[in-house]
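Colleague: Take this structure, written in C-alpha cells, and hold onto it; I'll ask about it next.
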Amino acid sequence: MIKTFRFLVLLLASFCFVACAYNNNKKQNEVPAPLFVDPNYQGSCDPEIVWNGYEQQWYIYYTARRPMLENTWLQTPIGVAVSKDMVNWEFKGYCKFDGVGGEKDASSTFWAPAIIPANDTLHMFVAWKPNTVPTQGAWGGQGWIVHYKTPLNNPVEGWQKVSALHSDNLNAIDATVYRSKNLYHVWFKGKEKGAKKNELYHLTTSDFTNWEEAGFSKSDVFNAEATGSNFEEAPYIFQWKGKYWLITDPHNGFFVYNSTDAENWKFQGTILKDGGTRNLDNSMARHCSVAVKDDRAFIFYQVEPWRRYDLEKKKGDERVRIFDQPLKNRESVLQMAELEIRNNKLYCDRNRTFELN
C-alpha cells in the first residue's frame with residue numbers, strides 16, 4: 001500500500017513538472033502586448049520589420065517620436081529593435097546617417113523608414129525633414145524621400161546617403177518598397193507645390209541607381225469612390241498566399257487592397273479599426289509593416305493608447321488636435337498580431353493570443 005502511494009505521489013509530481021514546463025515554455029513563446037516600447041521617450045511609431053540574413057535576426061526600424069517633449073514629432077531619429085524569434089525584442093539604439101546621429105534627439109527629422117535587403121545591402125527610403133523645431137507647425141515643413149544604404153553587417157550605424165528620389169518641388173512622406181519580378185518598386189505620398197491634394201508616386205529600379213517614373217497603378221487606392229475616404233497615407237505592400245496585399249492608414253483602422261499582379265488593386269474593406277483587449281492595444285491600429293514567416297503573416301503596428309481621437313473628431317471650438325492634447329496622449333507602443341485569410345479577404349483578430357516556435 002505504501003509503495004503504491006509513493007508511486008502515485010511520484011507520478012503526480014512528474015505530471016506537475018511536465019505541466020509547469022509546458023506552461024513556462026508557452027509563456028516564453030507567447031507574443032507579448034505591447035511588443036516593444038522605445039526606452040527613452042516612449043514614442044515608437046511607423047514600424048518596418050526586416051529580416052537580416054547576415055545576422056540571422058529580425059530588425060524593427062521605427063520613428064522614435066518624443067512625446068515627453070512639446071516638440072514631439074520633429075528631431076526624431078530612427079530607432080532599432082532586434083529579435084531572433086519575433087517574441088523577445090532588444091533595443092539596439094538609433095541609426096547613424098552619414099556618421100551622424102545615434103542619439104535619442106536627431107539633428108534633423110526622420111520619419112517612417114521603408115527598408116528592403118538586396119544581396120549584401122539594406123536600402124532605406126525614409127522621409128527626411130531639415131526641420132527640428134515646429135516653426136511651420138507640429139509636423140514641420142517640407143519633406144523628402146531620401147535613399148540610404150548600408151551593408152547587412154552594419155545595420156544601425158552604417159547608413160550612407162545615396163540620393164533624394166524627387167525634386168524640391170514635391171513635399172513627400174511615407175514610402176513603401178517591394179520587389180516584383182526583376183524590379184524594385186517605391187511608392188510614396190506627395191504633393192507638388194501649388195497642388196490641391198496629395199498623390200501616390202511610383203518609381204521603379206533594377207539597380208537602386210537608375211530610376212524610372214512608373215505612373216500609378218490602375219487602382220482603388222486613394223480613390224474616394226471606392227473607399228469612401230478622401231484621406232490615406234502610409235502604404236505598405238507585401239506578398240502572401242499567391243497575392244499582393246496593400247494596406248494603407250486612413251486614420252480609421254487600415255484599408256486593405258489585394259492584387260494578383262501588383263498593378264490592379266481591389267479594395268476589400270477595413271481591419272483593426274476597433275480597439276482591442278490586450279494590454280495597451282485599446283485604440284485603432286496605425287501605420288503598419290508585415291513579416292511573413294513559415295507561411296504565416298504577422299502585422300506590426302503602432303497604437304497610441306491615450307490619444308483622444310474622439311476630441312479630434314469634434315467640430316469648432318470643441319475640437320482638440322493631438323498637438324494640443326497632454327504629452328501623455330502622444331505616447332505610442334508597437335503591437336503585433338497574426339493575419340489570416342477568411343473568404344479570400346485579409347482578416348485580423350487583434351485580441352487573439354498566439355505563439356511562435
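Naming scheme: A, B, ... for chains in displayed order of the C-alpha cells; residues 1 onward per chain; ligands 1 onward as shown.
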Could you give me, as a PyMOL selection string, each residue of range 114-281 of chain A that DSSP assigns to helix (DSSP H, G or I) when run on this structure's backbone?
Modeller: chain A and resi 224-227
Colleague: When distances are computed from only C-alpha atoms, which of A:Asn252, A:Asn52, A:Ser180, A:Thr135 shows the smallest separation from Pro155 in chain A?
Modeller: A:Asn52
Colleague: Might you pull out every residue within 7 Å of range 87-102 of chain A, with only C-alpha atoms counted and same-chain residues fewer than 4 positions away left off, and present them as a list of chain:residue names?
Modeller: A:Asn29, A:Glu30, A:Val31, A:Pro32, A:Phe36, A:Pro77, A:Ile78, A:Gly79, A:Val80, A:Ala81, A:Val82, A:Ser83, A:Ala106, A:Val156, A:Glu157, A:Gly158, A:Trp159, A:Gln160, A:Lys161
Colleague: What's around Glu340 in chain A at 10 Å? Count only C-alpha atoms, leave out sequence neighbours fewer than 5 positions away in its own chain, and write the answer as a ChimeraX atom specification.
Modeller: /A:296-298,345-349
Colleague: Find the residues around Asn40 in chain A up to 10 Å (only C-alpha atoms counted), leave out those fewer than 5 positions away in its own chain, and share them as an mmCIF file with C-alpha atoms, in the first residue's frame.
Modeller:
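out_38.cif written:
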```cif
data_model
loop_
_atom_site.group_PDB
_atom_site.id
_atom_site.type_symbol
_atom_site.label_atom_id
_atom_site.label_comp_id
_atom_site.auth_asym_id
_atom_site.auth_seq_id
_atom_site.Cartn_x
_atom_site.Cartn_y
_atom_site.Cartn_z
ATOM 1 C CA ALA A 64 11.266 57.457 -32.439
ATOM 2 C CA ARG A 65 8.840 60.240 -31.585
ATOM 3 C CA ARG A 66 9.495 62.311 -28.471
ATOM 4 C CA PRO A 67 6.152 62.539 -26.626
ATOM 5 C CA MET A 68 7.794 63.613 -23.379
ATOM 6 C CA LYS A 104 17.587 59.949 -28.931
ATOM 7 C CA ASP A 105 17.444 63.516 -30.318
#
```
Colleague: Let me make sure I understand: among A:Ala138, A:Ser229, A:Leu35, A:Leu170, which one has the smallest atom-to-atom distance to His251 in chain A if we use only C-alpha atoms?
Modeller: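 For His251 in chain A, the nearest of the candidates is A:Ser229.
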Colleague: If you run DSSP on the backbone, which residues of range 97-240 of chain A are strand (DSSP E), as a PyMOL selection string?
Modeller: chain A and resi 97+100-101+109-118+121-129+144-151+160-164+170-180+183-192+199-205+212-213+233-240
Colleague: Selected residues, C-alpha atoms, written as a short mmCIF file (atom, residue, chain, number, x, y, z; two decimals), in the first residue's frame, please.
Modeller:
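Once everything was written out, this is result_25.cif:
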```
data_model
loop_
_atom_site.label_atom_id
_atom_site.label_comp_id
_atom_site.auth_asym_id
_atom_site.auth_seq_id
_atom_site.Cartn_x
_atom_site.Cartn_y
_atom_site.Cartn_z
CA PHE A 97 23.23 58.63 -41.15
CA VAL A 100 25.84 61.48 -37.65
CA GLY A 101 23.23 60.60 -35.05
CA THR A 109 13.90 64.82 -38.63
CA PHE A 110 13.43 61.23 -39.88
CA TRP A 111 10.05 59.54 -40.33
CA ALA A 112 8.68 56.19 -41.44
CA PRO A 113 11.54 54.12 -42.90
CA ALA A 114 10.84 51.67 -45.74
CA ILE A 115 13.61 49.07 -45.99
CA ILE A 116 14.46 46.15 -48.26
CA PRO A 117 17.53 43.87 -48.42
CA ALA A 118 19.22 43.27 -51.77
CA THR A 121 22.96 45.59 -48.68
CA LEU A 122 20.00 47.18 -46.92
CA HIS A 123 18.24 50.01 -48.75
CA MET A 124 16.18 52.53 -46.79
CA PHE A 125 13.70 55.06 -48.16
CA VAL A 126 12.89 57.47 -45.37
CA ALA A 127 11.01 60.73 -45.04
CA TRP A 128 13.60 63.39 -44.14
CA LYS A 129 12.99 66.95 -43.00
CA TRP A 144 11.86 64.49 -48.99
CA ILE A 145 12.04 60.74 -49.55
CA VAL A 146 15.75 60.02 -49.27
CA HIS A 147 17.53 56.80 -50.22
CA TYR A 148 20.19 55.50 -47.83
CA LYS A 149 22.06 52.20 -47.89
CA THR A 150 24.25 50.16 -45.54
CA PRO A 151 25.92 46.74 -45.51
CA GLN A 160 25.09 56.43 -46.17
CA LYS A 161 23.05 58.78 -48.32
CA VAL A 162 22.58 57.83 -51.96
CA SER A 163 20.13 60.49 -53.19
CA ALA A 164 16.73 62.09 -52.80
CA LEU A 170 7.50 67.95 -54.02
CA ASN A 171 6.62 67.58 -50.34
CA ALA A 172 6.67 63.83 -49.60
CA ILE A 173 6.22 61.31 -46.78
CA ASP A 174 5.60 57.60 -46.16
CA ALA A 175 7.41 55.39 -48.65
CA THR A 176 6.96 51.66 -49.17
CA VAL A 177 9.33 49.40 -51.09
CA TYR A 178 8.76 45.94 -52.55
CA ARG A 179 10.11 43.65 -55.25
CA SER A 180 8.08 42.31 -58.17
CA LEU A 183 12.24 45.34 -60.42
CA TYR A 184 12.17 47.13 -57.10
CA HIS A 185 9.23 49.47 -56.61
CA VAL A 186 8.98 52.50 -54.34
CA TRP A 187 5.68 54.26 -53.68
CA PHE A 188 5.30 57.38 -51.58
CA LYS A 189 2.73 60.05 -50.83
CA GLY A 190 3.47 63.55 -52.05
CA LYS A 191 2.04 66.90 -53.02
CA GLU A 192 3.54 69.30 -55.53
CA GLU A 199 -0.97 61.84 -54.89
CA LEU A 200 0.80 58.48 -54.81
CA TYR A 201 4.09 58.45 -56.70
CA HIS A 202 5.58 55.25 -58.13
CA LEU A 203 9.22 54.72 -59.13
CA THR A 204 11.00 51.56 -60.28
CA THR A 205 14.62 50.45 -60.47
CA GLU A 212 12.05 55.41 -63.80
CA GLU A 213 8.71 57.03 -63.15
CA GLU A 233 -1.29 57.52 -46.01
CA ALA A 234 1.46 55.04 -45.12
CA PRO A 235 1.01 52.46 -47.93
CA TYR A 236 2.58 49.06 -47.26
CA ILE A 237 2.84 46.20 -49.79
CA PHE A 238 3.70 42.53 -49.25
CA GLN A 239 3.20 39.20 -51.00
CA TRP A 240 1.47 36.24 -49.32
#
```
Colleague: Mind pulling up the distance from CA of Glu225 in chain A to CA of Cys288 in chain A?
Modeller: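 Taking CA of Cys288 in chain A and CA of Glu225 in chain A, their separation equals 23.8 Å.
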